Amino acid sequence: MSIRESATVSRVAALDPTGTPPVVIGKVPAPRLSTLNGKTLYLVDSRFDDSLELLKQIALWFAETMPDVTVEIRQLASTYAKDDPALWEEIRAKGDAAIIGVGHCSTCAPAVSTHAITLETKYGVPTVAVHTEKFDRVVRSVTKMAGLPQAPLVFVPQPVMGKSAAELRAYVHGIDPVRGGPVMQEIVAALTQGLPPVTESGAPAAPRERLVWAESDEALHALYERNLWTDFLPIVLPTEARVEAMLKGTSRGRDEVVGRMQPTPNRGAWSYTVEQVAVNAVMAGAKPAYFPVILALAASEFSARRSSSSSVGVMVVVNGPIRHQIGMNCGIGAMGPYNHANVTIGRAYSLLSQNLQGGSAPDLTYMGSLGNAFAPGVTFAENEERSPWEPLHVQHGFAVGDSTVSIFQGLRAVTHSLGLRETHWREHIADMLRGTEAITAPCLVLDPITARQFIDRGGFTDKAALIDCIHELGQMPAGEYWDLQLVQNYIYPRATFGEEPFASRLKAAPGEMIPKFVKERINVVVTGGETNGYWQIMSAMRQDTRSIDDWR
């Protein structure tokens with residue numbers, strides 16, 4: 001029933017579904033230079049999608065326009081996601097200022113500005129971050145959360161990837177599409193002119209109101225939608241009575257902190273309690289019996305609403321006795337909308353990720369260019385009873401009697417087939433693996449009929465042997481592999497600095513066949529109701545497997 005605020009004024013209330021933002025600590029920027037003439041300027045490449053090519057045009061501008069400036073181009077020691085203290089020390093010792101770029105994806109843009117703030121505030125080097133226009137709001141949010149909202153930002157048009165030298169030269173010699181001034185004049189000014197004063201340091205956030213009020217249930221629904229607290233489908237209003245009922249699904253205290261989550265690294269992780277998770281579980285229509293599963297998902301701290309411009313989705317697989325205790329579907333239609341537990345657990349995970357991490361709004365905290373139909377989180381149970389192999393959670397170190405939930409991310413590519421032919425099944429699988437992206441991993445989702453066919457055709461009585469076979473079939477010529485854009489962005493930088501197994505693969509001749517995937521990341525899940533031997537290879541990498549029993 002609705003809660004009444006008073007006996008005379010009829011109003012209804014429900015609980016705020018959002019998490020608690022981190023405390024922002026203000027930082028002090030580095031002093032600016034009086035001039036760049038005679039100075040050494042480092043240009044730091046983020047190693048994402050042809051960023052280096054734009055930096056080369058910036059270097060050329062300095063050579064032509066300010067020849068007294070010494071320019072040093074350096075690349076980060078790994079992917080843009082990794083800090084590079086050795087490079088920062090070199091810049092502090094040998095340089096006077098820095099330009100870092102280019103931020104032109106939902107994760108590399110926050111990383112570029114974070115690296116710039118690190119150089120500014122920890123190493124005392126005046127630094128400007130260069131981004132493409134699409135990530136204006138994203139990076140301003142990041143710099144604010146990082147404590148340096150006045151951090152200098154300069155923008156060029158989107159995209160940088162695939163542009164010719166002449167086109168990138170036009171960017172550099174052109175106008176900042178966000179701020180409206182000449183790009184290079186803005187860069188020089190950012191390094192030589194004083195920044196706005198430091199903002200207040202360590203100011204606590206305003207106290208969070210636990211309840212939100214409105215004149216009617218309909219008005220509350222409208223409020224939640226207006227605040228972007230919903231997935232634009234009808235919700236169950238999280239009244240105090242409903243949240244209290246949900247909390248009975250766990251022995252944990254309502255104020256216990258479950259975890260911290262953010263839509264993209266470097267934005268600032270929001271924290272959340274058991275009660276705040278319960279609010280989102282109620283909104284999704286979940287039952288209290290499902291709540292331990294939802295808490296285990298929340299405790300993973302892995303967001304189902306990640307901001308990646310590559311438009312990732314999530315897949316959730318439940319194992320162990322809890323499957324039957326809460327009536328999950330692992331038979332006919334397991335991955336479809338035919339079971340209350342499957343659907344509402346996935347929706348709860350999606351809503352809690354959206355609300356407890358500080359939002360999931362396009363152009364601000366979500367930058368998936370295409371979006372992803374799997375973003376709500378496809379959730380199902382493994383059909384352990386009909387599988388010929390050990391269940392997924394046992395594959396990853398749990399006991400058969402443990403109840404667990406596994407989270408997979410990616411789901412940007414799915415290939416589909418029917419059974420295994422007697423003669424050319426290996427070639428058919430190799431073709432399917434060609435369509436599986438290289439930076440995640442193949443997850444085979446098999447109807448039990450197909451699982452048994454893998455034994456009949458290939459003799460894979462052991463799941464590890466099947467995974468060995470998939471790893472072997474997923475090979476491609478080294479030249480083609482290293483030319484994949486995602487490999488260039490995320491694997492090549494790690495290979496060039498010695499990370500295995502990628503460093504050894506980098507030594508292969510262009511025509512030599514090398515593994516496309518890391519074997520340890522390949523997974524096999526059995527589900528479905530045996531109406532036919534259909535199966536899928538999902539481009540989905542397991543991020544975590546969590547105990548559900550810990551949250552009962």
# chains A, B, ... in the order shown; residues from 1 in each chain; ligands from 1
$ residues_around --residues "region 455-457 of chain A" --least-positions-apart "6" --cutoff "12 Å" --atoms "only C-alpha atoms" --output "list in words"
Ser387, Pro388, Trp389, Gly419, Leu420, Arg421, Glu422, Thr423, His424, Trp425, Arg426, Pro448, Ile449, Lys463, Ala465 and Leu466 of chain A
$ write_last_selection --atoms "N, CA, C and O atoms" --output "PDB file, in the first residue's frame"
ATOM      1  N   SER A 387      23.584 -32.109 -19.015  1.00  0.00           N
ATOM      2  CA  SER A 387      24.911 -31.880 -19.577  1.00  0.00           C
ATOM      3  C   SER A 387      25.796 -33.103 -19.373  1.00  0.00           C
ATOM      4  O   SER A 387      25.782 -33.724 -18.302  1.00  0.00           O
ATOM      5  N   PRO A 388      26.603 -33.454 -20.371  1.00  0.00           N
ATOM      6  CA  PRO A 388      27.517 -34.589 -20.201  1.00  0.00           C
ATOM      7  C   PRO A 388      28.817 -34.213 -19.482  1.00  0.00           C
ATOM      8  O   PRO A 388      29.660 -35.088 -19.264  1.00  0.00           O
ATOM      9  N   TRP A 389      28.988 -32.946 -19.157  1.00  0.00           N
ATOM     10  CA  TRP A 389      30.237 -32.472 -18.544  1.00  0.00           C
ATOM     11  C   TRP A 389      29.972 -31.803 -17.203  1.00  0.00           C
ATOM     12  O   TRP A 389      28.825 -31.594 -16.808  1.00  0.00           O
ATOM     13  N   GLY A 419      23.470 -28.588 -34.823  1.00  0.00           N
ATOM     14  CA  GLY A 419      24.178 -29.851 -34.717  1.00  0.00           C
ATOM     15  C   GLY A 419      25.585 -29.828 -35.280  1.00  0.00           C
ATOM     16  O   GLY A 419      26.174 -28.780 -35.543  1.00  0.00           O
ATOM     17  N   LEU A 420      26.140 -31.028 -35.459  1.00  0.00           N
ATOM     18  CA  LEU A 420      27.481 -31.214 -36.009  1.00  0.00           C
ATOM     19  C   LEU A 420      27.410 -32.241 -37.130  1.00  0.00           C
ATOM     20  O   LEU A 420      26.959 -33.371 -36.922  1.00  0.00           O
ATOM     21  N   ARG A 421      27.853 -31.857 -38.316  1.00  0.00           N
ATOM     22  CA  ARG A 421      27.909 -32.799 -39.425  1.00  0.00           C
ATOM     23  C   ARG A 421      29.029 -33.817 -39.201  1.00  0.00           C
ATOM     24  O   ARG A 421      30.015 -33.541 -38.508  1.00  0.00           O
ATOM     25  N   GLU A 422      28.894 -34.968 -39.807  1.00  0.00           N
ATOM     26  CA  GLU A 422      29.857 -36.040 -39.558  1.00  0.00           C
ATOM     27  C   GLU A 422      31.214 -35.752 -40.176  1.00  0.00           C
ATOM     28  O   GLU A 422      32.257 -36.046 -39.577  1.00  0.00           O
ATOM     29  N   THR A 423      31.232 -35.124 -41.362  1.00  0.00           N
ATOM     30  CA  THR A 423      32.485 -35.008 -42.106  1.00  0.00           C
ATOM     31  C   THR A 423      33.212 -33.696 -41.851  1.00  0.00           C
ATOM     32  O   THR A 423      34.403 -33.686 -41.524  1.00  0.00           O
ATOM     33  N   HIS A 424      32.506 -32.575 -41.982  1.00  0.00           N
ATOM     34  CA  HIS A 424      33.185 -31.276 -41.977  1.00  0.00           C
ATOM     35  C   HIS A 424      32.837 -30.416 -40.765  1.00  0.00           C
ATOM     36  O   HIS A 424      32.929 -29.187 -40.831  1.00  0.00           O
ATOM     37  N   TRP A 425      32.474 -31.037 -39.643  1.00  0.00           N
ATOM     38  CA  TRP A 425      32.083 -30.226 -38.497  1.00  0.00           C
ATOM     39  C   TRP A 425      33.202 -29.334 -38.003  1.00  0.00           C
ATOM     40  O   TRP A 425      32.957 -28.212 -37.538  1.00  0.00           O
ATOM     41  N   ARG A 426      34.452 -29.796 -38.122  1.00  0.00           N
ATOM     42  CA  ARG A 426      35.570 -28.951 -37.674  1.00  0.00           C
ATOM     43  C   ARG A 426      35.679 -27.687 -38.525  1.00  0.00           C
ATOM     44  O   ARG A 426      35.888 -26.586 -38.010  1.00  0.00           O
ATOM     45  N   PRO A 448      21.504 -29.620 -24.970  1.00  0.00           N
ATOM     46  CA  PRO A 448      22.061 -30.925 -24.592  1.00  0.00           C
ATOM     47  C   PRO A 448      22.239 -31.885 -25.762  1.00  0.00           C
ATOM     48  O   PRO A 448      23.164 -32.728 -25.748  1.00  0.00           O
ATOM     49  N   ILE A 449      21.378 -31.798 -26.790  1.00  0.00           N
ATOM     50  CA  ILE A 449      21.551 -32.663 -27.959  1.00  0.00           C
ATOM     51  C   ILE A 449      22.901 -32.415 -28.608  1.00  0.00           C
ATOM     52  O   ILE A 449      23.644 -33.360 -28.942  1.00  0.00           O
ATOM     53  N   LYS A 463      35.353 -31.893 -20.903  1.00  0.00           N
ATOM     54  CA  LYS A 463      35.135 -30.536 -21.395  1.00  0.00           C
ATOM     55  C   LYS A 463      36.444 -29.850 -21.759  1.00  0.00           C
ATOM     56  O   LYS A 463      36.513 -29.079 -22.731  1.00  0.00           O
ATOM     57  N   ALA A 465      39.024 -31.095 -23.110  1.00  0.00           N
ATOM     58  CA  ALA A 465      39.444 -31.513 -24.452  1.00  0.00           C
ATOM     59  C   ALA A 465      38.663 -30.755 -25.515  1.00  0.00           C
ATOM     60  O   ALA A 465      39.210 -30.392 -26.566  1.00  0.00           O
ATOM     61  N   LEU A 466      37.386 -30.515 -25.270  1.00  0.00           N
ATOM     62  CA  LEU A 466      36.598 -29.723 -26.210  1.00  0.00           C
ATOM     63  C   LEU A 466      37.142 -28.292 -26.297  1.00  0.00           C
ATOM     64  O   LEU A 466      37.266 -27.731 -27.389  1.00  0.00           O
TER      65      LEU A 466
END
$ select_by_dssp --residues "region 54-96 of chain A" --states "strand (DSSP E)" --output "list of chain:residue names"
A:Thr70, A:Val71, A:Glu72, A:Ile73, A:Arg74, A:Gln75
$ write_last_selection --atoms "C-alpha atoms" --output "mmCIF file, in the first residue's frame"
data_model
loop_
_atom_site.group_PDB
_atom_site.id
_atom_site.type_symbol
_atom_site.label_atom_id
_atom_site.label_comp_id
_atom_site.auth_asym_id
_atom_site.auth_seq_id
_atom_site.Cartn_x
_atom_site.Cartn_y
_atom_site.Cartn_z
ATOM 1 C CA THR A 70 61.307 20.602 -29.012
ATOM 2 C CA VAL A 71 58.677 17.915 -29.500
ATOM 3 C CA GLU A 72 59.027 14.354 -28.209
ATOM 4 C CA ILE A 73 56.397 11.766 -29.165
ATOM 5 C CA ARG A 74 55.920 8.866 -26.782
ATOM 6 C CA GLN A 75 53.442 6.000 -26.607
#
$ closest_residue --among "A:Ala341, A:Val405, A:Leu351, A:Met315" --to "Met538 (chain A)" --atoms "only C-alpha atoms"
A:Met315
$ residues_around --residues "His173 (chain A)" --least-positions-apart "3" --cutoff "9 Å" --atoms "only C-alpha atoms" --output "compact mmCIF listing (two decimals) with N, CA, C and O atoms, in the first residue's frame"
# COMPACT_ATOMS: atom_id res chain seq x y z
N ILE A 58 50.07 17.33 -35.05
CA ILE A 58 50.34 18.37 -34.05
C ILE A 58 51.84 18.66 -33.99
O ILE A 58 52.27 19.83 -33.94
N TRP A 61 52.78 20.74 -36.89
CA TRP A 61 52.38 22.14 -36.70
C TRP A 61 53.43 22.89 -35.89
O TRP A 61 53.78 24.02 -36.22
N LEU A 168 43.61 14.84 -41.16
CA LEU A 168 44.01 15.11 -39.78
C LEU A 168 44.73 16.45 -39.67
O LEU A 168 44.60 17.16 -38.67
N ARG A 169 45.48 16.82 -40.70
CA ARG A 169 46.12 18.14 -40.72
C ARG A 169 45.05 19.23 -40.70
O ARG A 169 45.19 20.24 -40.00
N ALA A 170 43.95 19.01 -41.42
CA ALA A 170 42.86 19.98 -41.42
C ALA A 170 42.23 20.08 -40.03
O ALA A 170 41.82 21.17 -39.60
N PRO A 182 40.51 28.28 -32.65
CA PRO A 182 41.49 27.46 -33.39
C PRO A 182 42.11 26.42 -32.46
O PRO A 182 42.52 26.73 -31.34
N VAL A 183 42.18 25.19 -32.94
CA VAL A 183 42.64 24.08 -32.11
C VAL A 183 44.02 24.36 -31.51
O VAL A 183 44.21 24.23 -30.30
N MET A 184 44.97 24.76 -32.33
CA MET A 184 46.33 24.91 -31.82
C MET A 184 46.49 26.13 -30.92
O MET A 184 47.28 26.11 -29.97
$ closest_residue --among "A:Pro238, A:Gly401, A:Pro110, A:Pro515" --to "Arg323 (chain A)" --atoms "only C-alpha atoms"
A:Gly401
$ atom_distance --atom1 "CA of Asp68 (chain A)" --atom2 "CA of Ile100 (chain A)"
20.3 Å
$ residues_around --residues "Arg137 (chain A)" --least-positions-apart "4" --cutoff "12 Å" --atoms "only C-alpha atoms" --output "compact mmCIF listing (two decimals) with N, CA and C atoms, in the first residue's frame"
# COMPACT_ATOMS: atom_id res chain seq x y z
N SER A 106 34.57 5.72 -25.36
CA SER A 106 33.96 5.95 -24.05
C SER A 106 34.87 5.59 -22.90
N ALA A 109 38.68 8.06 -23.65
CA ALA A 109 38.57 9.49 -23.34
C ALA A 109 38.70 9.74 -21.84
N PRO A 110 37.95 9.02 -20.97
CA PRO A 110 38.19 9.19 -19.53
C PRO A 110 39.62 8.88 -19.13
N HIS A 131 40.62 15.52 -27.20
CA HIS A 131 39.55 14.56 -27.41
C HIS A 131 38.80 14.88 -28.69
N THR A 132 37.97 13.96 -29.14
CA THR A 132 37.04 14.28 -30.22
C THR A 132 35.74 14.80 -29.61
N GLU A 133 35.00 15.52 -30.42
CA GLU A 133 33.84 16.27 -29.94
C GLU A 133 32.77 15.41 -29.27
N SER A 141 32.52 15.32 -17.17
CA SER A 141 32.06 14.59 -15.99
C SER A 141 33.22 13.93 -15.27
N VAL A 142 34.14 13.36 -16.04
CA VAL A 142 35.30 12.68 -15.45
C VAL A 142 36.21 13.66 -14.72
N THR A 143 36.51 14.79 -15.34
CA THR A 143 37.40 15.76 -14.68
C THR A 143 36.77 16.32 -13.42
N LYS A 144 35.45 16.49 -13.44
CA LYS A 144 34.76 16.96 -12.24
C LYS A 144 34.88 15.94 -11.11
N PRO A 149 37.86 20.03 -12.28
CA PRO A 149 36.92 20.37 -13.36
C PRO A 149 37.46 21.41 -14.32
N LEU A 153 40.81 21.12 -21.78
CA LEU A 153 40.35 20.17 -22.77
C LEU A 153 40.27 20.86 -24.12
N PHE A 155 39.22 19.98 -28.33
CA PHE A 155 38.48 18.99 -29.09
C PHE A 155 38.73 19.14 -30.59
N VAL A 178 33.83 22.21 -30.31
CA VAL A 178 33.13 22.40 -29.04
C VAL A 178 33.32 23.81 -28.51
N ARG A 267 35.74 7.32 -13.83
CA ARG A 267 34.68 8.30 -13.61
C ARG A 267 34.39 8.51 -12.13
N ALA A 361 23.06 7.33 -19.03
CA ALA A 361 22.37 8.25 -19.94
C ALA A 361 23.19 8.42 -21.21
N PRO A 362 22.58 8.23 -22.39
CA PRO A 362 23.32 8.43 -23.63
C PRO A 362 23.96 9.81 -23.70
N ASP A 363 25.21 9.82 -24.19
CA ASP A 363 26.00 11.04 -24.37
C ASP A 363 26.60 11.56 -23.07
N LEU A 364 26.38 10.83 -21.97
CA LEU A 364 26.98 11.26 -20.71
C LEU A 364 27.62 10.09 -19.97
N THR A 365 26.84 9.11 -19.61
CA THR A 365 27.38 7.93 -18.93
C THR A 365 27.16 6.66 -19.73
N TYR A 366 26.63 6.79 -20.93
CA TYR A 366 26.56 5.65 -21.85
C TYR A 366 26.89 6.15 -23.25
N MET A 367 27.89 5.48 -23.88
CA MET A 367 28.35 5.94 -25.18
C MET A 367 28.36 4.83 -26.22
$ closest_residue --among "A:Ala93, A:Met541, A:Val102, A:Leu195" --to "Leu52 (chain A)" --atoms "only C-alpha atoms"
A:Val102
$ select_by_dssp --residues "region 468-535 of chain A" --states "helix (DSSP H, G or I)" --output "ChimeraX atom specification"
/A:468-473,478-483,485-490,492-496,502-506,519-521
